[in-house]
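Asks: So I've got this file, model.pdb, and it contains PDB, C-alpha atoms and all ligand atoms:
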ATOM      1  CA  MET A   1     289.239  32.921  87.907
ATOM      2  CA  LYS A   2     287.523  35.186  90.401
ATOM      3  CA  MET A   3     288.753  38.769  90.589
ATOM      4  CA  LYS A   4     288.296  41.325  93.290
ATOM      5  CA  GLN A   5     285.739  43.943  92.221
ATOM      6  CA  LEU A   6     287.294  47.315  91.357
ATOM      7  CA  SER A   7     285.660  50.597  92.246
ATOM      8  CA  PRO A   8     283.887  52.373  89.364
ATOM      9  CA  GLU A   9     286.518  55.150  89.493
ATOM     10  CA  LYS A  10     289.357  52.668  88.950
ATOM     11  CA  VAL A  11     287.489  51.056  86.055
ATOM     12  CA  LYS A  12     287.054  54.507  84.534
ATOM     13  CA  ILE A  13     290.794  55.258  84.886
ATOM     14  CA  GLY A  14     291.556  51.964  83.160
ATOM     15  CA  ARG A  15     289.127  52.628  80.348
ATOM     16  CA  ASP A  16     290.560  56.123  79.697
ATOM     17  CA  LEU A  17     294.073  54.755  79.738
ATOM     18  CA  LEU A  18     293.178  52.084  77.211
ATOM     19  CA  LYS A  19     291.521  54.631  74.984
ATOM     20  CA  ARG A  20     294.480  57.043  75.050
ATOM     21  CA  LEU A  21     296.910  54.240  74.346
ATOM     22  CA  SER A  22     294.855  52.933  71.417
ATOM     23  CA  LEU A  23     294.658  56.427  69.963
ATOM     24  CA  CYS A  24     298.336  57.243  70.146
ATOM     25  CA  VAL A  25     299.555  53.889  68.856
ATOM     26  CA  SER A  26     297.134  53.581  65.968
ATOM     27  CA  LYS A  27     298.614  56.848  64.633
ATOM     28  CA  HIS A  28     301.967  55.130  64.198
ATOM     29  CA  ARG A  29     300.583  52.581  61.742
ATOM     30  CA  ASN A  30     303.503  50.376  62.637
ATOM     31  CA  TYR A  31     302.610  46.749  63.051
ATOM     32  CA  ILE A  32     305.344  45.904  65.524
ATOM     33  CA  VAL A  33     304.190  48.740  67.742
ATOM     34  CA  LEU A  34     300.658  47.559  67.156
ATOM     35  CA  ARG A  35     301.538  44.095  68.388
ATOM     36  CA  ASP A  36     303.157  45.467  71.553
ATOM     37  CA  GLN A  37     300.204  47.739  72.065
ATOM     38  CA  LYS A  38     297.906  44.782  71.960
ATOM     39  CA  MET A  39     299.920  43.000  74.646
ATOM     40  CA  ILE A  40     299.810  46.109  76.817
ATOM     41  CA  LEU A  41     296.110  46.566  76.157
ATOM     42  CA  LYS A  42     295.449  42.966  77.089
ATOM     43  CA  ASN A  43     297.281  43.311  80.404
ATOM     44  CA  LEU A  44     295.632  46.623  81.167
ATOM     45  CA  SER A  45     292.175  45.210  80.419
ATOM     46  CA  LYS A  46     292.920  42.461  82.885
ATOM     47  CA  LYS A  47     294.265  44.808  85.542
ATOM     48  CA  TYR A  48     291.359  47.228  85.330
ATOM     49  CA  GLN A  49     288.729  44.615  84.583
ATOM     50  CA  VAL A  50     287.647  46.446  81.475
ATOM     51  CA  THR A  51     286.089  43.917  79.170
ATOM     52  CA  ALA A  52     287.495  43.988  75.702
ATOM     53  CA  GLY A  53     285.268  41.662  73.723
ATOM     54  CA  ALA A  54     285.541  40.575  70.130
ATOM     55  CA  THR A  55     283.283  40.244  67.147
ATOM     56  CA  ASP A  56     283.619  38.825  63.634
ATOM     57  CA  VAL A  57     283.313  41.114  60.628
ATOM     58  CA  TYR A  58     282.794  39.972  57.049
ATOM     59  CA  MET A  59     283.009  41.518  53.624
ATOM     60  CA  SER A  60     282.866  40.143  50.125
ATOM     61  CA  LEU A  61     284.384  41.108  46.814
ATOM     62  CA  PRO A  62     283.224  40.000  43.364
ATOM     63  CA  SER A  63     284.840  37.285  41.245
ATOM     64  CA  SER A  64     286.389  39.868  38.960
ATOM     65  CA  VAL A  65     288.773  41.109  41.674
ATOM     66  CA  LYS A  66     292.278  39.759  41.124
ATOM     67  CA  SER A  67     294.181  38.189  43.989
ATOM     68  CA  SER A  68     296.769  40.967  43.820
ATOM     69  CA  ASP A  69     294.090  43.656  44.291
ATOM     70  CA  VAL A  70     292.284  42.161  47.276
ATOM     71  CA  LYS A  71     294.597  43.631  49.896
ATOM     72  CA  LYS A  72     294.291  47.185  48.589
ATOM     73  CA  LEU A  73     290.487  47.002  48.347
ATOM     74  CA  VAL A  74     290.152  45.619  51.868
ATOM     75  CA  MET A  75     292.498  48.264  53.302
ATOM     76  CA  ASP A  76     290.514  50.988  51.479
ATOM     77  CA  HIS A  77     287.484  49.617  53.266
ATOM     78  CA  VAL A  78     289.405  49.732  56.564
ATOM     79  CA  GLU A  79     290.272  53.410  55.948
ATOM     80  CA  ASP A  80     286.609  54.199  55.310
ATOM     81  CA  ALA A  81     285.677  52.408  58.521
ATOM     82  CA  LYS A  82     288.239  54.476  60.438
ATOM     83  CA  HIS A  83     286.603  57.675  59.224
ATOM     84  CA  GLU A  84     283.288  56.332  60.324
ATOM     85  CA  HIS A  85     284.218  54.708  63.649
ATOM     86  CA  GLY A  86     287.280  56.685  64.730
ATOM     87  CA  HIS A  87     290.447  55.271  66.246
ATOM     88  CA  GLY A  88     289.153  54.132  69.616
ATOM     89  CA  GLY A  89     290.397  50.589  69.178
ATOM     90  CA  TYR A  90     287.180  48.852  70.235
ATOM     91  CA  SER A  91     284.670  49.740  67.546
ATOM     92  CA  GLY A  92     283.988  46.119  66.591
ATOM     93  CA  SER A  93     284.309  47.189  62.958
ATOM     94  CA  TRP A  94     286.722  46.955  60.017
ATOM     95  CA  ALA A  95     288.449  50.024  61.504
ATOM     96  CA  GLU A  96     290.301  47.618  63.844
ATOM     97  CA  VAL A  97     291.845  45.539  61.053
ATOM     98  CA  GLY A  98     295.598  46.012  60.569
ATOM     99  CA  SER A  99     296.387  43.759  57.615
ATOM    100  CA  VAL A 100     295.010  41.098  55.270
ATOM    101  CA  LYS A 101     296.258  37.632  54.443
ATOM    102  CA  VAL A 102     295.141  36.714  50.925
ATOM    103  CA  THR A 103     295.051  32.929  50.481
ATOM    104  CA  ASP A 104     294.539  30.822  47.355
ATOM    105  CA  LEU A 105     291.943  28.627  49.054
ATOM    106  CA  VAL A 106     288.741  27.945  47.099
ATOM    107  CA  PHE A 107     285.743  26.364  48.856
ATOM    108  CA  ASP A 108     282.841  24.531  47.219
ATOM    109  CA  SER A 109     280.244  26.755  48.879
ATOM    110  CA  LYS A 110     279.906  29.993  50.779
ATOM    111  CA  GLN A 111     278.987  28.035  53.906
ATOM    112  CA  GLU A 112     282.232  26.054  53.766
ATOM    113  CA  ALA A 113     284.222  29.246  53.284
ATOM    114  CA  GLN A 114     282.466  30.815  56.231
ATOM    115  CA  ASP A 115     283.016  27.756  58.445
ATOM    116  CA  TYR A 116     286.725  27.844  57.646
ATOM    117  CA  LEU A 117     286.993  31.559  58.378
ATOM    118  CA  ASP A 118     285.046  31.259  61.640
ATOM    119  CA  LYS A 119     287.521  28.634  62.813
ATOM    120  CA  THR A 120     290.643  30.430  61.627
ATOM    121  CA  ILE A 121     290.377  34.152  62.306
ATOM    122  CA  GLN A 122     291.854  35.346  65.591
ATOM    123  CA  LYS A 123     291.404  38.507  67.564
ATOM    124  CA  TYR A 124     294.143  41.094  66.776
ATOM    125  CA  GLU A 125     295.389  39.039  63.816
ATOM    126  CA  ALA A 126     295.187  39.760  60.092
ATOM    127  CA  ALA A 127     291.916  39.458  58.187
ATOM    128  CA  ILE A 128     291.824  36.379  55.945
ATOM    129  CA  ALA A 129     290.571  36.302  52.356
ATOM    130  CA  VAL A 130     289.356  33.085  50.669
ATOM    131  CA  ARG A 131     287.249  32.287  47.615
ATOM    132  CA  TYR A 132     284.227  30.076  47.117
ATOM    133  CA  LYS A 133     282.448  28.637  44.080
ATOM    134  CA  LYS A 134     279.139  30.163  43.182
ATOM    135  CA  LYS A 135     276.827  29.634  40.254
ATOM    136  CA  ALA A 136     275.651  32.950  38.900
ATOM    137  CA  PHE A 137     273.253  33.724  36.076
ATOM    138  CA  ALA A 138     275.025  34.993  32.996
ATOM    139  CA  SER A 139     272.401  37.754  32.667
ATOM    140  CA  LYS A 140     268.987  38.854  33.897
ATOM    141  CA  ASP A 141     267.545  37.360  30.722
ATOM    142  CA  HIS A 142     269.138  33.996  31.532
ATOM    143  CA  GLU A 143     267.580  34.076  34.970
ATOM    144  CA  THR A 144     264.100  34.661  33.543
ATOM    145  CA  LYS A 145     264.581  31.812  31.080
ATOM    146  CA  TYR A 146     265.728  29.517  33.871
ATOM    147  CA  LYS A 147     262.668  30.297  35.996
ATOM    148  CA  GLY A 148     260.302  29.699  33.080
ATOM    149  CA  GLU A 149     261.903  26.410  32.150
ATOM    150  CA  LEU A 150     261.960  25.207  35.756
ATOM    151  CA  GLU A 151     258.293  25.995  36.294
ATOM    152  CA  ALA A 152     257.309  24.220  33.088
ATOM    153  CA  LYS A 153     259.447  21.192  33.930
ATOM    154  CA  ILE A 154     258.130  20.884  37.486
ATOM    155  CA  GLY A 155     254.561  21.226  36.256
ATOM    156  CA  LYS A 156     255.064  18.422  33.717
ATOM    157  CA  ASP A 157     257.399  16.052  35.524
ATOM    158  CA  ALA A 158     255.460  12.888  36.346
ATOM    159  CA  SER A 159     257.585  11.815  39.300
ATOM    160  CA  ILE A 160     257.411  15.276  40.921
ATOM    161  CA  LYS A 161     253.653  15.354  40.404
ATOM    162  CA  LYS A 162     253.300  11.942  42.003
ATOM    163  CA  LEU A 163     255.496  12.862  44.960
ATOM    164  CA  THR A 164     253.632  16.137  45.494
ATOM    165  CA  GLY A 165     250.340  14.253  45.599
ATOM    166  CA  GLN A 166     251.721  11.734  48.104
ATOM    167  CA  PHE A 167     253.166  14.489  50.250
ATOM    168  CA  GLU A 168     249.944  16.512  50.365
ATOM    169  CA  LYS A 169     247.950  13.432  51.254
ATOM    170  CA  ALA A 170     250.348  12.376  54.019
ATOM    171  CA  GLU A 171     250.349  15.895  55.424
ATOM    172  CA  ALA A 172     246.562  15.997  55.546
ATOM    173  CA  VAL A 173     246.486  12.593  57.274
ATOM    174  CA  TYR A 174     249.006  13.770  59.849
ATOM    175  CA  LYS A 175     247.164  17.012  60.570
ATOM    176  CA  LYS A 176     243.886  15.143  60.967
ATOM    177  CA  ALA A 177     245.538  12.668  63.363
ATOM    178  CA  LEU A 178     246.933  15.554  65.417
ATOM    179  CA  SER A 179     243.564  17.158  65.759
ATOM    180  CA  ASP A 180     241.945  13.785  66.573
ATOM    181  CA  LEU A 181     244.506  13.331  69.307
ATOM    182  CA  GLY A 182     243.480  16.663  70.813
ATOM    183  CA  GLN A 183     239.877  15.502  70.914
ATOM    184  CA  HIS A 184     240.887  12.089  72.232
ATOM    185  CA  LYS A 185     242.792  13.684  75.099
ATOM    186  CA  THR A 186     239.904  15.964  75.955
ATOM    187  CA  ASP A 187     237.552  12.953  76.154
ATOM    188  CA  LEU A 188     240.055  10.871  78.075
ATOM    189  CA  SER A 189     240.652  13.677  80.515
ATOM    190  CA  SER A 190     236.934  13.916  81.319
ATOM    191  CA  LYS A 191     236.919  10.161  81.953
ATOM    192  CA  ILE A 192     239.949  10.369  84.253
ATOM    193  CA  MET A 193     238.379  13.269  86.154
ATOM    194  CA  LYS A 194     235.246  11.146  86.838
ATOM    195  CA  PRO A 195     232.434  13.742  86.954
ATOM    196  CA  ASP A 196     230.581  12.058  89.825
ATOM    197  CA  ALA A 197     233.523  11.231  92.114
ATOM    198  CA  SER A 198     234.990  13.498  94.809
ATOM    199  CA  HIS A 199     238.317  11.642  94.965
ATOM    200  CA  LEU A 200     240.631  10.052  92.380
ATOM    201  CA  SER A 201     242.920   7.043  92.853
ATOM    202  CA  CYS A 202     246.459   6.838  91.522
ATOM    203  CA  HIS A 203     247.416   3.533  89.890
ATOM    204  CA  ASN A 204     251.065   4.174  90.533
ATOM    205  CA  CYS A 205     251.409   5.254  94.182
ATOM    206  CA  LYS A 206     247.930   4.128  95.275
ATOM    207  CA  SER A 207     247.121   7.564  96.752
ATOM    208  CA  LYS A 208     243.549   8.726  96.978
ATOM    209  CA  VAL A 209     243.442  12.442  96.259
ATOM    210  CA  ALA A 210     240.666  15.025  96.467
ATOM    211  CA  LYS A 211     239.841  16.192  92.931
ATOM    212  CA  GLN A 212     240.452  19.853  93.693
ATOM    213  CA  TYR A 213     244.217  19.076  93.853
ATOM    214  CA  VAL A 214     244.329  17.618  90.360
ATOM    215  CA  LYS A 215     244.969  20.018  87.501
ATOM    216  CA  ASN A 216     242.646  19.526  84.562
ATOM    217  CA  LEU A 217     244.053  21.164  81.439
ATOM    218  CA  SER A 218     241.711  19.485  78.981
ATOM    219  CA  ARG A 219     240.471  22.640  77.290
ATOM    220  CA  HIS A 220     244.023  23.301  75.997
ATOM    221  CA  TYR A 221     244.597  19.936  74.368
ATOM    222  CA  ALA A 222     243.100  20.485  70.952
ATOM    223  CA  GLU A 223     244.928  23.762  70.553
ATOM    224  CA  TYR A 224     248.297  22.447  71.771
ATOM    225  CA  ASP A 225     248.234  19.261  69.764
ATOM    226  CA  ASN A 226     247.791  21.231  66.587
ATOM    227  CA  SER A 227     250.900  23.291  67.129
ATOM    228  CA  TYR A 228     254.038  22.020  65.465
ATOM    229  CA  SER A 229     256.807  23.503  63.405
ATOM    230  CA  ASN A 230     256.009  23.495  59.700
ATOM    231  CA  ASP A 231     259.599  22.853  58.686
ATOM    232  CA  THR A 232     260.195  19.625  60.538
ATOM    233  CA  TYR A 233     256.647  18.682  61.461
ATOM    234  CA  ALA A 234     258.028  18.108  64.912
ATOM    235  CA  TRP A 235     255.993  19.106  67.894
ATOM    236  CA  ASP A 236     257.325  22.159  69.575
ATOM    237  CA  SER A 237     257.499  22.645  73.324
ATOM    238  CA  LYS A 238     253.829  23.464  73.418
ATOM    239  CA  GLY A 239     252.953  20.380  71.431
ATOM    240  CA  LEU A 240     252.031  16.814  72.197
ATOM    241  CA  HIS A 241     254.576  16.150  74.906
ATOM    242  CA  ALA A 242     253.737  19.294  76.848
ATOM    243  CA  SER A 243     250.003  18.735  76.937
ATOM    244  CA  LYS A 244     249.867  16.105  79.590
ATOM    245  CA  LEU A 245     246.766  14.467  80.887
ATOM    246  CA  PRO A 246     245.896  14.947  84.566
ATOM    247  CA  ASN A 247     248.784  13.893  86.827
ATOM    248  CA  CYS A 248     248.815  12.577  90.380
ATOM    249  CA  PRO A 249     249.818  15.461  92.694
ATOM    250  CA  VAL A 250     251.639  13.001  94.982
ATOM    251  CA  CYS A 251     253.873  10.994  92.607
ATOM    252  CA  ASN A 252     253.400  13.118  89.454
ATOM    253  CA  ASP A 253     252.631  10.043  87.340
ATOM    254  CA  SER A 254     249.709  10.158  84.920
ATOM    255  CA  LEU A 255     246.296   9.333  86.360
ATOM    256  CA  MET A 256     245.489   7.169  83.325
ATOM    257  CA  ASN A 257     244.786   3.552  84.219
ATOM    258  CA  PRO A 258     247.091   0.899  82.665
ATOM    259  CA  VAL A 259     244.669   0.196  79.802
ATOM    260  CA  GLN A 260     244.311   3.885  78.961
ATOM    261  CA  LYS A 261     248.095   4.312  79.144
ATOM    262  CA  LYS A 262     248.725   1.481  76.733
ATOM    263  CA  ALA A 263     246.121   2.821  74.314
ATOM    264  CA  MET A 264     247.661   6.304  74.482
ATOM    265  CA  GLU A 265     251.135   4.943  73.725
ATOM    266  CA  LYS A 266     249.761   3.322  70.587
ATOM    267  CA  VAL A 267     248.031   6.527  69.485
ATOM    268  CA  VAL A 268     251.265   8.464  69.927
ATOM    269  CA  SER A 269     253.431   5.925  68.112
ATOM    270  CA  ASP A 270     250.973   5.818  65.172
ATOM    271  CA  LEU A 271     251.074   9.586  65.072
ATOM    272  CA  GLU A 272     254.859   9.597  65.016
ATOM    273  CA  LYS A 273     254.842   7.182  62.080
ATOM    274  CA  LYS A 274     252.511   9.518  60.185
ATOM    275  CA  ARG A 275     254.781  12.453  61.012
ATOM    276  CA  ASP A 276     257.878  10.559  59.803
ATOM    277  CA  ALA A 277     256.128   9.785  56.511
ATOM    278  CA  VAL A 278     255.440  13.493  55.947
ATOM    279  CA  VAL A 279     259.010  14.480  56.766
ATOM    280  CA  SER A 280     260.542  11.857  54.489
ATOM    281  CA  LEU A 281     258.233  12.734  51.566
ATOM    282  CA  LYS A 282     259.011  16.408  51.992
ATOM    283  CA  LYS A 283     262.721  15.636  51.908
ATOM    284  CA  GLU A 284     262.393  13.446  48.840
ATOM    285  CA  LEU A 285     260.384  16.120  47.051
ATOM    286  CA  GLY A 286     262.950  18.764  47.968
ATOM    287  CA  THR A 287     265.812  16.648  46.611
ATOM    288  CA  LYS A 288     263.947  15.920  43.382
ATOM    289  CA  LYS A 289     263.131  19.597  42.838
ATOM    290  CA  LYS A 290     266.708  20.594  43.563
ATOM    291  CA  GLU A 291     268.052  18.063  41.038
ATOM    292  CA  THR A 292     265.712  19.430  38.398
ATOM    293  CA  SER A 293     266.644  22.990  39.250
ATOM    294  CA  ASP A 294     270.401  22.266  39.158
ATOM    295  CA  GLN A 295     270.061  20.538  35.786
ATOM    296  CA  ILE A 296     268.290  23.514  34.214
ATOM    297  CA  ALA A 297     270.487  26.060  35.990
ATOM    298  CA  LYS A 298     273.564  24.505  34.333
ATOM    299  CA  LYS A 299     272.428  25.856  30.978
ATOM    300  CA  PHE A 300     272.030  29.434  32.173
ATOM    301  CA  THR A 301     274.748  29.964  34.760
ATOM    302  CA  ASN A 302     278.484  30.492  34.902
ATOM    303  CA  GLU A 303     280.731  29.485  37.733
ATOM    304  CA  GLU A 304     282.108  32.423  39.657
ATOM    305  CA  MET A 305     284.560  32.572  42.521
ATOM    306  CA  PRO A 306     283.812  35.581  44.707
ATOM    307  CA  TRP A 307     285.920  36.506  47.739
ATOM    308  CA  LEU A 308     284.871  36.226  51.334
ATOM    309  CA  ILE A 309     287.023  38.116  53.814
ATOM    310  CA  ALA A 310     286.720  37.970  57.577
ATOM    311  CA  ALA A 311     288.443  39.309  60.666
ATOM    312  CA  CYS A 312     287.948  39.021  64.407
ATOM    313  CA  VAL A 313     288.091  42.514  65.897
ATOM    314  CA  PRO A 314     287.982  43.941  69.415
ATOM    315  CA  GLU A 315     284.863  45.738  70.512
TER
HETATM  316 ZN    ZN A 401     250.469   8.788  92.450
END
Could you rewrite the structure in this file as structure tokens?
Replies:
Amino acid sequence: MKMKQLSPEKVKIGRDLLKRLSLCVSKHRNYIVLRDQKMILKNLSKKYQVTAGATDVYMSLPSSVKSSDVKKLVMDHVEDAKHEHGHGGYSGSWAEVGSVKVTDLVFDSKQEAQDYLDKTIQKYEAAIAVRYKKKAFASKDHETKYKGELEAKIGKDASIKKLTGQFEKAEAVYKKALSDLGQHKTDLSSKIMKPDASHLSCHNCKSKVAKQYVKNLSRHYAEYDNSYSNDTYAWDSKGLHASKLPNCPVCNDSLMNPVQKKAMEKVVSDLEKKRDAVVSLKKELGTKKKETSDQIAKKFTNEEMPWLIAACVPE
């Protein structure tokens, strides 16, 4: 929908009106009035083109809090936020929350609880409280014991040792191949640029182009081909695929001849295989370590069910 632009004065009138209305109605602390106010505010925002955005706010409460106490604790927090942010109605804070719906939902992880809340909370509606399962150390002493036992176990575990060795080796092979590719491209680029020729021929569109129109980026290759993200071992935008060999300025195809092209495809596919080996070993190692950690953690942790509370508030 396209709206006619309002003059700055009119927008200012609208904004003041909204502010005054928010102030006087939030004093009533009456939810029916509040609901009507929100309808009026919505219409006014539209009329005066004052953007009233929204943001999500979160808070948590420990496991020990009983279901029947959640509402009071959240509303205490709301009162504190009102002192801090005032009654303007668009602070994007807990000050804008009018009520809390306490559910008996329990999620298997904090992420799942958060996903549910993100989907469910609505602007101007009640905050929602859910619980999630969380392993927590029974004491500081338990945590220290867990760390010690885990370190000892990982140091001794034959299968973890073996996997670590395989992973380190594969990673070194991959890094070497990346750096070799940089060198290979630099050499290939010099060949394509034919030092003694004044013109280059394109194998694709058959153009003959003066060399000054061909970009030679060879000095960047080694550097670019070594850049990849450490988490996924994937090349980033500056990586392999960005560091192209000289292209034809007419058809933009590579100036490699068919033999060079075929050879380059093989180099790249070998490199990708090496990369995939690193990624899969890293994953396997991570899973193995996590299993070990979970097993040991069982002895030293209790299951808790803390609260996660969220609301979508105007700002
Ligand atoms: Zn061409």
Asks: Given the choices A:Gly92, A:His142, A:Ala197, A:Lys299, which gets closest to Tyr124 in chain A if the distance is worked out from all atoms listed in the file?
Replies: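 That would be A:Gly92, the residue with the smallest distance to Tyr124 in chain A.
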Asks: Could I get the residue neighbourhood of ligand ZN 401 (chain A) at 9 Å, counting all atoms listed in the file, as an NGL selection string?
Replies: :A and (201-209 or 247-255)
Asks: Determine, counting only C-alpha atoms, every residue of protein, DNA or RNA that lies within 9 Å of (278.5, 29.8, 37.4) in the file coordinates, then give the result as a PyMOL selection string.
Replies: chain A and resi 133-138+297-298+300-305
Asks: Do you know which residues are at most 9 Å from range 150-165 of chain A counting all atoms listed in the file, after dropping those on the same chain fewer than 2 positions away, and could you put them as a list of chain:residue names?
Replies: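 The residues that qualify are A:Lys145, A:Tyr146, A:Lys147, A:Gly148, A:Phe167, A:Glu168, A:Lys169, A:Ala170, A:Leu281, A:Lys282, A:Glu284, A:Leu285, A:Lys288, A:Lys289, A:Thr292, A:Ser293, A:Ile296, A:Ala297.
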Asks: What does the distance from CA of Leu105 in chain A to CA of Leu117 in chain A come to in Å, to one decimal?
Replies: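 CA of Leu117 in chain A lies 11.0 Å from CA of Leu105 in chain A.
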Asks: Can you give me, as a VMD selection string, the residues this file yields under the PyMOL selection byres (((chain A and resi 68) around 12) and not hetatm)?
Replies: chain A and resid 64 to 67 69 to 74 100 to 104 129
Asks: For CA of Ser189 in chain A and CA of Val278 in chain A, quote the distance in Å rounded to one decimal.
Replies: 28.7 Å
Asks: Which is closer to Val57 in chain A than all the others in A:Glu84, A:Glu79, A:Asp118, A:Asp180, using all atoms listed in the file?
Replies: A:Asp118
Asks: Compare A:Lys283, A:His83, A:Lys123, A:Lys273 by their minimum atom-to-atom distance to Asp56 in chain A, counting only C-alpha atoms, and give me the closest one.
Replies: A:Lys123
Asks: Near Ser60 in chain A, within 9 Å and counting all atoms listed in the file, which residues show up once chain neighbours fewer than 2 positions away are dropped, as a count of residues only?
Replies: 8
Asks: With distances taken over only C-alpha atoms, which of A:Leu178, A:Val97, A:Ile192, A:Ile121 is nearest to Pro246 in chain A?
Replies: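 That would be A:Ile192, the residue with the smallest distance to Pro246 in chain A.
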Asks: So the first atom is CA of Tyr132 in chain A and the second is CA of Cys312 in chain A; what is the distance between them in Å, to one decimal place?
Replies: 19.8 Å
Asks: For the file shown, report as a list in words the outcome of the PyMOL selection byres (((chain A and resi 191) around 12) and not hetatm) at residue level.
Replies: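 Output of the PyMOL selection byres (((chain A and resi 191) around 12) and not hetatm): His184, Lys185, Thr186, Asp187, Leu188, Ser189, Ser190, Ile192, Met193, Lys194, Pro195, Asp196, Ala197, Leu200, Asn216, Ser218, Leu245, Pro246, Leu255, Met256, Asn257 and Gln260 of chain A.
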Asks: Which one is closest to Gln212 in chain A: A:Ser99, A:Ser198, A:Gln114, A:Ser269? Count all atoms listed in the file.
Replies: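 When distances to Gln212 in chain A are compared using all atoms listed in the file, the smallest one comes from A:Ser198.
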Asks: Which one is closest to Gly182 in chain A: A:Leu271, A:Glu149, A:Lys215, A:Trp94? Count all atoms listed in the file.
Replies: A:Leu271
Asks: Taking every listed atom of range 54-67 of chain A and adding 8 Å to each side, what centre and edge lengths in Å (one decimal) does the axis-aligned box have, as lines of an AutoDock Vina configuration file?
Replies:
center_x = 288.5
center_y = 39.4
center_z = 54.5
size_x = 27.4
size_y = 20.2
size_z = 47.2
